[in-house]
Amino acid sequence: MERASASLWRKIRSRYNLVGNECQNCNTPYFPQRVVCRKCGRNSKMVEKQFSGNGEIYSFTTVRVPPDTFKDEAPYFIGVIRLEEGPMVEGHVIDNGIAPKIGTKVRMQFRKMYVDGQEGLIYYSFKFEPL
Ligand SMILES: [Zn+2]
């Protein structure tokens, strides 16, 4: 497993809280954050934006042959979620007994992702729970 890098730690606040940003010039939201708006370039006026965590499944797949990190969880779902504010986010879809479908409403949940090797470092991130 990769060791925690400085860039990973810098992104923790954003990833743990689903904080992206938005261009005040054209109101385009981004997650993860961008320094410059794709539409406005140097006229960008980026400000932080807290996303609600609500969205719907845009696409998903069932992972049956996982990487070692998630070998105890297979089979599990990975989805592309369209947040209600617009950005697309990839994440695990929680198996709560509701079969995921395209268009299923979901809500972000903060969950443990995996434990890293012998050091036992626990990584957390968001997952999406079907509603
Ligand atoms: Zn813009």
# chains A, B, ... in the order shown; residues from 1 in each chain; ligands from 1

$ select_by_dssp --residues "chain A" --states "strand (DSSP E)" --output "ChimeraX atom specification"
/A:19-23,29-30,46-50,54-63,76-83,88-93,105-116,121-130

$ residues_around --residues "region 35-41 of chain A" --least-positions-apart "5" --cutoff "12 Å" --atoms "only C-alpha atoms" --output "PyMOL selection string"
chain A and resi 20-30+46-48

$ write_last_selection --atoms "N, CA, C and O atoms" --output "PDB file, in the first residue's frame"
ATOM      1  N   GLY A  20     -15.672  21.622  -2.196  1.00  0.00           N
ATOM      2  CA  GLY A  20     -15.110  21.921  -3.504  1.00  0.00           C
ATOM      3  C   GLY A  20     -15.002  23.416  -3.642  1.00  0.00           C
ATOM      4  O   GLY A  20     -14.822  24.130  -2.651  1.00  0.00           O
ATOM      5  N   ASN A  21     -15.131  23.904  -4.845  1.00  0.00           N
ATOM      6  CA  ASN A  21     -15.205  25.344  -5.018  1.00  0.00           C
ATOM      7  C   ASN A  21     -16.083  25.680  -6.221  1.00  0.00           C
ATOM      8  O   ASN A  21     -16.590  24.795  -6.915  1.00  0.00           O
ATOM      9  N   GLU A  22     -16.305  26.958  -6.385  1.00  0.00           N
ATOM     10  CA  GLU A  22     -17.220  27.433  -7.421  1.00  0.00           C
ATOM     11  C   GLU A  22     -16.670  28.733  -7.984  1.00  0.00           C
ATOM     12  O   GLU A  22     -16.121  29.546  -7.250  1.00  0.00           O
ATOM     13  N   CYS A  23     -16.843  28.914  -9.268  1.00  0.00           N
ATOM     14  CA  CYS A  23     -16.426  30.160  -9.902  1.00  0.00           C
ATOM     15  C   CYS A  23     -17.562  31.163  -9.755  1.00  0.00           C
ATOM     16  O   CYS A  23     -18.676  30.912 -10.215  1.00  0.00           O
ATOM     17  N   GLN A  24     -17.282  32.260  -9.101  1.00  0.00           N
ATOM     18  CA  GLN A  24     -18.331  33.277  -8.904  1.00  0.00           C
ATOM     19  C   GLN A  24     -18.619  34.028 -10.191  1.00  0.00           C
ATOM     20  O   GLN A  24     -19.642  34.687 -10.313  1.00  0.00           O
ATOM     21  N   ASN A  25     -17.726  33.926 -11.140  1.00  0.00           N
ATOM     22  CA  ASN A  25     -17.931  34.611 -12.425  1.00  0.00           C
ATOM     23  C   ASN A  25     -19.023  33.925 -13.251  1.00  0.00           C
ATOM     24  O   ASN A  25     -19.848  34.592 -13.865  1.00  0.00           O
ATOM     25  N   CYS A  26     -19.043  32.561 -13.239  1.00  0.00           N
ATOM     26  CA  CYS A  26     -20.003  31.830 -14.075  1.00  0.00           C
ATOM     27  C   CYS A  26     -20.822  30.807 -13.283  1.00  0.00           C
ATOM     28  O   CYS A  26     -21.615  30.075 -13.863  1.00  0.00           O
ATOM     29  N   ASN A  27     -20.610  30.726 -11.953  1.00  0.00           N
ATOM     30  CA  ASN A  27     -21.350  29.819 -11.065  1.00  0.00           C
ATOM     31  C   ASN A  27     -21.129  28.338 -11.356  1.00  0.00           C
ATOM     32  O   ASN A  27     -21.974  27.512 -11.033  1.00  0.00           O
ATOM     33  N   THR A  28     -20.012  27.970 -11.962  1.00  0.00           N
ATOM     34  CA  THR A  28     -19.717  26.552 -12.206  1.00  0.00           C
ATOM     35  C   THR A  28     -19.066  25.952 -10.968  1.00  0.00           C
ATOM     36  O   THR A  28     -18.038  26.457 -10.512  1.00  0.00           O
ATOM     37  N   PRO A  29     -19.682  24.878 -10.402  1.00  0.00           N
ATOM     38  CA  PRO A  29     -19.104  24.221  -9.223  1.00  0.00           C
ATOM     39  C   PRO A  29     -18.087  23.144  -9.615  1.00  0.00           C
ATOM     40  O   PRO A  29     -18.243  22.498 -10.657  1.00  0.00           O
ATOM     41  N   TYR A  30     -17.078  22.954  -8.754  1.00  0.00           N
ATOM     42  CA  TYR A  30     -16.051  21.940  -9.013  1.00  0.00           C
ATOM     43  C   TYR A  30     -15.783  21.102  -7.778  1.00  0.00           C
ATOM     44  O   TYR A  30     -15.710  21.608  -6.673  1.00  0.00           O
ATOM     45  N   MET A  46     -12.603  32.024  -7.901  1.00  0.00           N
ATOM     46  CA  MET A  46     -12.911  30.773  -7.209  1.00  0.00           C
ATOM     47  C   MET A  46     -13.119  31.017  -5.712  1.00  0.00           C
ATOM     48  O   MET A  46     -12.311  31.658  -5.060  1.00  0.00           O
ATOM     49  N   VAL A  47     -14.235  30.455  -5.190  1.00  0.00           N
ATOM     50  CA  VAL A  47     -14.511  30.505  -3.756  1.00  0.00           C
ATOM     51  C   VAL A  47     -14.902  29.095  -3.310  1.00  0.00           C
ATOM     52  O   VAL A  47     -15.458  28.320  -4.088  1.00  0.00           O
ATOM     53  N   GLU A  48     -14.584  28.767  -2.061  1.00  0.00           N
ATOM     54  CA  GLU A  48     -14.920  27.437  -1.552  1.00  0.00           C
ATOM     55  C   GLU A  48     -16.423  27.218  -1.541  1.00  0.00           C
ATOM     56  O   GLU A  48     -17.195  28.157  -1.322  1.00  0.00           O
TER      57      GLU A  48
END

$ select_by_dssp --residues "chain A" --states "alpha helix (DSSP H)" --output "list of chain:residue names"
A:Ala6, A:Ser7, A:Leu8, A:Trp9, A:Arg10, A:Ile12, A:Arg13, A:Ser14, A:Arg15, A:Tyr16, A:Asn17

$ write_last_selection --atoms "N, CA, C and O atoms" --output "PDB file, in the first residue's frame"
ATOM      1  N   ALA A   6       2.267  13.812   1.268  1.00  0.00           N
ATOM      2  CA  ALA A   6       1.910  15.161   1.708  1.00  0.00           C
ATOM      3  C   ALA A   6       0.673  15.658   0.988  1.00  0.00           C
ATOM      4  O   ALA A   6      -0.202  16.296   1.584  1.00  0.00           O
ATOM      5  N   SER A   7       0.560  15.336  -0.307  1.00  0.00           N
ATOM      6  CA  SER A   7      -0.599  15.826  -1.058  1.00  0.00           C
ATOM      7  C   SER A   7      -1.883  15.193  -0.537  1.00  0.00           C
ATOM      8  O   SER A   7      -2.930  15.829  -0.500  1.00  0.00           O
ATOM      9  N   LEU A   8      -1.799  13.921  -0.115  1.00  0.00           N
ATOM     10  CA  LEU A   8      -2.989  13.268   0.447  1.00  0.00           C
ATOM     11  C   LEU A   8      -3.459  14.016   1.685  1.00  0.00           C
ATOM     12  O   LEU A   8      -4.633  14.294   1.844  1.00  0.00           O
ATOM     13  N   TRP A   9      -2.514  14.352   2.559  1.00  0.00           N
ATOM     14  CA  TRP A   9      -2.887  15.032   3.802  1.00  0.00           C
ATOM     15  C   TRP A   9      -3.437  16.424   3.529  1.00  0.00           C
ATOM     16  O   TRP A   9      -4.335  16.882   4.219  1.00  0.00           O
ATOM     17  N   ARG A  10      -2.906  17.085   2.501  1.00  0.00           N
ATOM     18  CA  ARG A  10      -3.423  18.424   2.159  1.00  0.00           C
ATOM     19  C   ARG A  10      -4.878  18.347   1.707  1.00  0.00           C
ATOM     20  O   ARG A  10      -5.632  19.280   1.886  1.00  0.00           O
ATOM     21  N   ILE A  12      -7.168  16.242   2.748  1.00  0.00           N
ATOM     22  CA  ILE A  12      -8.070  15.604   3.706  1.00  0.00           C
ATOM     23  C   ILE A  12      -9.275  16.471   4.041  1.00  0.00           C
ATOM     24  O   ILE A  12     -10.403  15.993   4.015  1.00  0.00           O
ATOM     25  N   ARG A  13      -9.077  17.736   4.336  1.00  0.00           N
ATOM     26  CA  ARG A  13     -10.207  18.586   4.716  1.00  0.00           C
ATOM     27  C   ARG A  13     -11.250  18.595   3.608  1.00  0.00           C
ATOM     28  O   ARG A  13     -12.442  18.459   3.848  1.00  0.00           O
ATOM     29  N   SER A  14     -10.798  18.726   2.388  1.00  0.00           N
ATOM     30  CA  SER A  14     -11.704  18.760   1.249  1.00  0.00           C
ATOM     31  C   SER A  14     -12.420  17.432   1.067  1.00  0.00           C
ATOM     32  O   SER A  14     -13.637  17.381   0.894  1.00  0.00           O
ATOM     33  N   ARG A  15     -11.666  16.334   1.131  1.00  0.00           N
ATOM     34  CA  ARG A  15     -12.271  15.019   0.910  1.00  0.00           C
ATOM     35  C   ARG A  15     -13.182  14.599   2.053  1.00  0.00           C
ATOM     36  O   ARG A  15     -14.213  13.993   1.838  1.00  0.00           O
ATOM     37  N   TYR A  16     -12.784  14.906   3.276  1.00  0.00           N
ATOM     38  CA  TYR A  16     -13.599  14.490   4.415  1.00  0.00           C
ATOM     39  C   TYR A  16     -14.912  15.255   4.478  1.00  0.00           C
ATOM     40  O   TYR A  16     -15.893  14.776   5.010  1.00  0.00           O
ATOM     41  N   ASN A  17     -14.925  16.451   3.967  1.00  0.00           N
ATOM     42  CA  ASN A  17     -16.105  17.309   4.129  1.00  0.00           C
ATOM     43  C   ASN A  17     -16.821  17.628   2.830  1.00  0.00           C
ATOM     44  O   ASN A  17     -17.769  18.399   2.833  1.00  0.00           O
TER      45      ASN A  17
END

$ closest_residue --among "A:Asp116, A:Asp68, A:Glu73, A:Glu56" --to "Met88 (chain A)" --atoms "only C-alpha atoms"
A:Glu56

$ residues_around --residues "Arg107 (chain A)" --least-positions-apart "2" --cutoff "9 Å" --atoms "only C-alpha atoms" --output "ChimeraX atom specification"
/A:52-56,105,109,127-131

$ write_last_selection --atoms "all heavy atoms" --output "PDB file, in the first residue's frame"
ATOM      1  N   SER A  52     -23.650  19.412  -0.560  1.00  0.00           N
ATOM      2  CA  SER A  52     -24.621  18.817   0.368  1.00  0.00           C
ATOM      3  C   SER A  52     -24.360  17.330   0.601  1.00  0.00           C
ATOM      4  O   SER A  52     -24.730  16.794   1.643  1.00  0.00           O
ATOM      5  CB  SER A  52     -26.027  18.987  -0.181  1.00  0.00           C
ATOM      6  OG  SER A  52     -26.175  18.204  -1.365  1.00  0.00           O
ATOM      7  N   GLY A  53     -23.764  16.654  -0.388  1.00  0.00           N
ATOM      8  CA  GLY A  53     -23.589  15.207  -0.289  1.00  0.00           C
ATOM      9  C   GLY A  53     -24.770  14.451  -0.876  1.00  0.00           C
ATOM     10  O   GLY A  53     -24.761  13.228  -0.918  1.00  0.00           O
ATOM     11  N   ASN A  54     -25.783  15.167  -1.318  1.00  0.00           N
ATOM     12  CA  ASN A  54     -26.934  14.527  -1.962  1.00  0.00           C
ATOM     13  C   ASN A  54     -26.710  14.482  -3.464  1.00  0.00           C
ATOM     14  O   ASN A  54     -26.155  15.413  -4.055  1.00  0.00           O
ATOM     15  CB  ASN A  54     -28.216  15.311  -1.676  1.00  0.00           C
ATOM     16  CG  ASN A  54     -28.560  15.311  -0.207  1.00  0.00           C
ATOM     17  OD1 ASN A  54     -28.424  14.299   0.474  1.00  0.00           O
ATOM     18  ND2 ASN A  54     -28.981  16.456   0.287  1.00  0.00           N
ATOM     19  N   GLY A  55     -27.142  13.396  -4.064  1.00  0.00           N
ATOM     20  CA  GLY A  55     -26.992  13.273  -5.499  1.00  0.00           C
ATOM     21  C   GLY A  55     -27.711  12.046  -5.999  1.00  0.00           C
ATOM     22  O   GLY A  55     -28.570  11.487  -5.299  1.00  0.00           O
ATOM     23  N   GLU A  56     -27.362  11.636  -7.203  1.00  0.00           N
ATOM     24  CA  GLU A  56     -27.946  10.412  -7.739  1.00  0.00           C
ATOM     25  C   GLU A  56     -26.890   9.647  -8.526  1.00  0.00           C
ATOM     26  O   GLU A  56     -25.901  10.221  -8.986  1.00  0.00           O
ATOM     27  CB  GLU A  56     -29.165  10.710  -8.616  1.00  0.00           C
ATOM     28  CG  GLU A  56     -28.871  11.472  -9.873  1.00  0.00           C
ATOM     29  CD  GLU A  56     -30.135  11.685 -10.700  1.00  0.00           C
ATOM     30  OE1 GLU A  56     -31.195  11.977 -10.111  1.00  0.00           O
ATOM     31  OE2 GLU A  56     -30.049  11.548 -11.931  1.00  0.00           O
ATOM     32  N   LYS A 105     -31.333   7.855  -5.852  1.00  0.00           N
ATOM     33  CA  LYS A 105     -30.884   8.961  -4.998  1.00  0.00           C
ATOM     34  C   LYS A 105     -29.922   8.420  -3.952  1.00  0.00           C
ATOM     35  O   LYS A 105     -30.140   7.323  -3.406  1.00  0.00           O
ATOM     36  CB  LYS A 105     -32.065   9.635  -4.299  1.00  0.00           C
ATOM     37  CG  LYS A 105     -33.105  10.199  -5.243  1.00  0.00           C
ATOM     38  CD  LYS A 105     -32.588  11.417  -5.952  1.00  0.00           C
ATOM     39  CE  LYS A 105     -33.700  12.026  -6.811  1.00  0.00           C
ATOM     40  NZ  LYS A 105     -33.170  12.894  -7.850  1.00  0.00           N
ATOM     41  N   GLN A 109     -21.945   9.554   2.980  1.00  0.00           N
ATOM     42  CA  GLN A 109     -21.664   9.137   4.351  1.00  0.00           C
ATOM     43  C   GLN A 109     -20.157   9.099   4.515  1.00  0.00           C
ATOM     44  O   GLN A 109     -19.437   8.752   3.589  1.00  0.00           O
ATOM     45  CB  GLN A 109     -22.220   7.731   4.619  1.00  0.00           C
ATOM     46  CG  GLN A 109     -23.704   7.598   4.433  1.00  0.00           C
ATOM     47  CD  GLN A 109     -24.482   8.230   5.571  1.00  0.00           C
ATOM     48  OE1 GLN A 109     -23.948   8.464   6.644  1.00  0.00           O
ATOM     49  NE2 GLN A 109     -25.740   8.522   5.324  1.00  0.00           N
ATOM     50  N   LYS A 127     -18.462   7.717   1.188  1.00  0.00           N
ATOM     51  CA  LYS A 127     -19.128   6.696   0.400  1.00  0.00           C
ATOM     52  C   LYS A 127     -20.549   7.197   0.187  1.00  0.00           C
ATOM     53  O   LYS A 127     -20.976   8.159   0.835  1.00  0.00           O
ATOM     54  CB  LYS A 127     -19.155   5.349   1.126  1.00  0.00           C
ATOM     55  CG  LYS A 127     -17.766   4.743   1.323  1.00  0.00           C
ATOM     56  CD  LYS A 127     -17.845   3.356   1.948  1.00  0.00           C
ATOM     57  CE  LYS A 127     -16.460   2.744   2.099  1.00  0.00           C
ATOM     58  NZ  LYS A 127     -16.531   1.365   2.652  1.00  0.00           N
ATOM     59  N   PHE A 128     -21.274   6.555  -0.718  1.00  0.00           N
ATOM     60  CA  PHE A 128     -22.632   7.033  -0.986  1.00  0.00           C
ATOM     61  C   PHE A 128     -23.643   5.943  -0.648  1.00  0.00           C
ATOM     62  O   PHE A 128     -23.502   4.797  -1.070  1.00  0.00           O
ATOM     63  CB  PHE A 128     -22.744   7.465  -2.449  1.00  0.00           C
ATOM     64  CG  PHE A 128     -21.943   8.699  -2.736  1.00  0.00           C
ATOM     65  CD1 PHE A 128     -20.641   8.602  -3.193  1.00  0.00           C
ATOM     66  CD2 PHE A 128     -22.475   9.949  -2.493  1.00  0.00           C
ATOM     67  CE1 PHE A 128     -19.880   9.736  -3.420  1.00  0.00           C
ATOM     68  CE2 PHE A 128     -21.723  11.091  -2.710  1.00  0.00           C
ATOM     69  CZ  PHE A 128     -20.416  10.991  -3.180  1.00  0.00           C
ATOM     70  N   GLU A 129     -24.644   6.338   0.109  1.00  0.00           N
ATOM     71  CA  GLU A 129     -25.672   5.403   0.562  1.00  0.00           C
ATOM     72  C   GLU A 129     -26.943   5.588  -0.265  1.00  0.00           C
ATOM     73  O   GLU A 129     -27.506   6.693  -0.299  1.00  0.00           O
ATOM     74  CB  GLU A 129     -25.982   5.665   2.030  1.00  0.00           C
ATOM     75  CG  GLU A 129     -27.056   4.758   2.574  1.00  0.00           C
ATOM     76  CD  GLU A 129     -27.326   4.992   4.050  1.00  0.00           C
ATOM     77  OE1 GLU A 129     -27.047   6.091   4.555  1.00  0.00           O
ATOM     78  OE2 GLU A 129     -27.812   4.042   4.683  1.00  0.00           O
ATOM     79  N   PRO A 130     -27.416   4.526  -0.927  1.00  0.00           N
ATOM     80  CA  PRO A 130     -28.685   4.623  -1.667  1.00  0.00           C
ATOM     81  C   PRO A 130     -29.834   4.926  -0.708  1.00  0.00           C
ATOM     82  O   PRO A 130     -29.878   4.399   0.408  1.00  0.00           O
ATOM     83  CB  PRO A 130     -28.844   3.231  -2.292  1.00  0.00           C
ATOM     84  CG  PRO A 130     -27.478   2.650  -2.319  1.00  0.00           C
ATOM     85  CD  PRO A 130     -26.778   3.214  -1.106  1.00  0.00           C
ATOM     86  N   LEU A 131     -30.770   5.751  -1.142  1.00  0.00           N
ATOM     87  CA  LEU A 131     -31.914   6.134  -0.297  1.00  0.00           C
ATOM     88  C   LEU A 131     -33.194   5.479  -0.783  1.00  0.00           C
ATOM     89  O   LEU A 131     -33.325   5.150  -1.930  1.00  0.00           O
ATOM     90  CB  LEU A 131     -32.089   7.663  -0.314  1.00  0.00           C
ATOM     91  CG  LEU A 131     -30.874   8.446   0.171  1.00  0.00           C
ATOM     92  CD1 LEU A 131     -31.127   9.934   0.002  1.00  0.00           C
ATOM     93  CD2 LEU A 131     -30.549   8.127   1.626  1.00  0.00           C
TER      94      LEU A 131
END

$ atom_distance --atom1 "CA of Thr104 (chain A)" --atom2 "CA of Ile81 (chain A)"
9.6 Å

$ atom_distance --atom1 "CA of His92 (chain A)" --atom2 "CA of Gly120 (chain A)"
21.3 Å

$ closest_residue --among "A:Asn43, A:Arg111, A:Tyr76, A:Gln33" --to "ligand 1" --atoms "only C-alpha atoms and all ligand atoms"
A:Asn43

$ atom_distance --atom1 "CA of Val80 (chain A)" --atom2 "CA of Ile102 (chain A)"
9.6 Å

$ closest_residue --among "A:Gly117, A:Gly79, A:Pro32, A:Gly103" --to "Gln50 (chain A)" --atoms "only C-alpha atoms"
A:Pro32
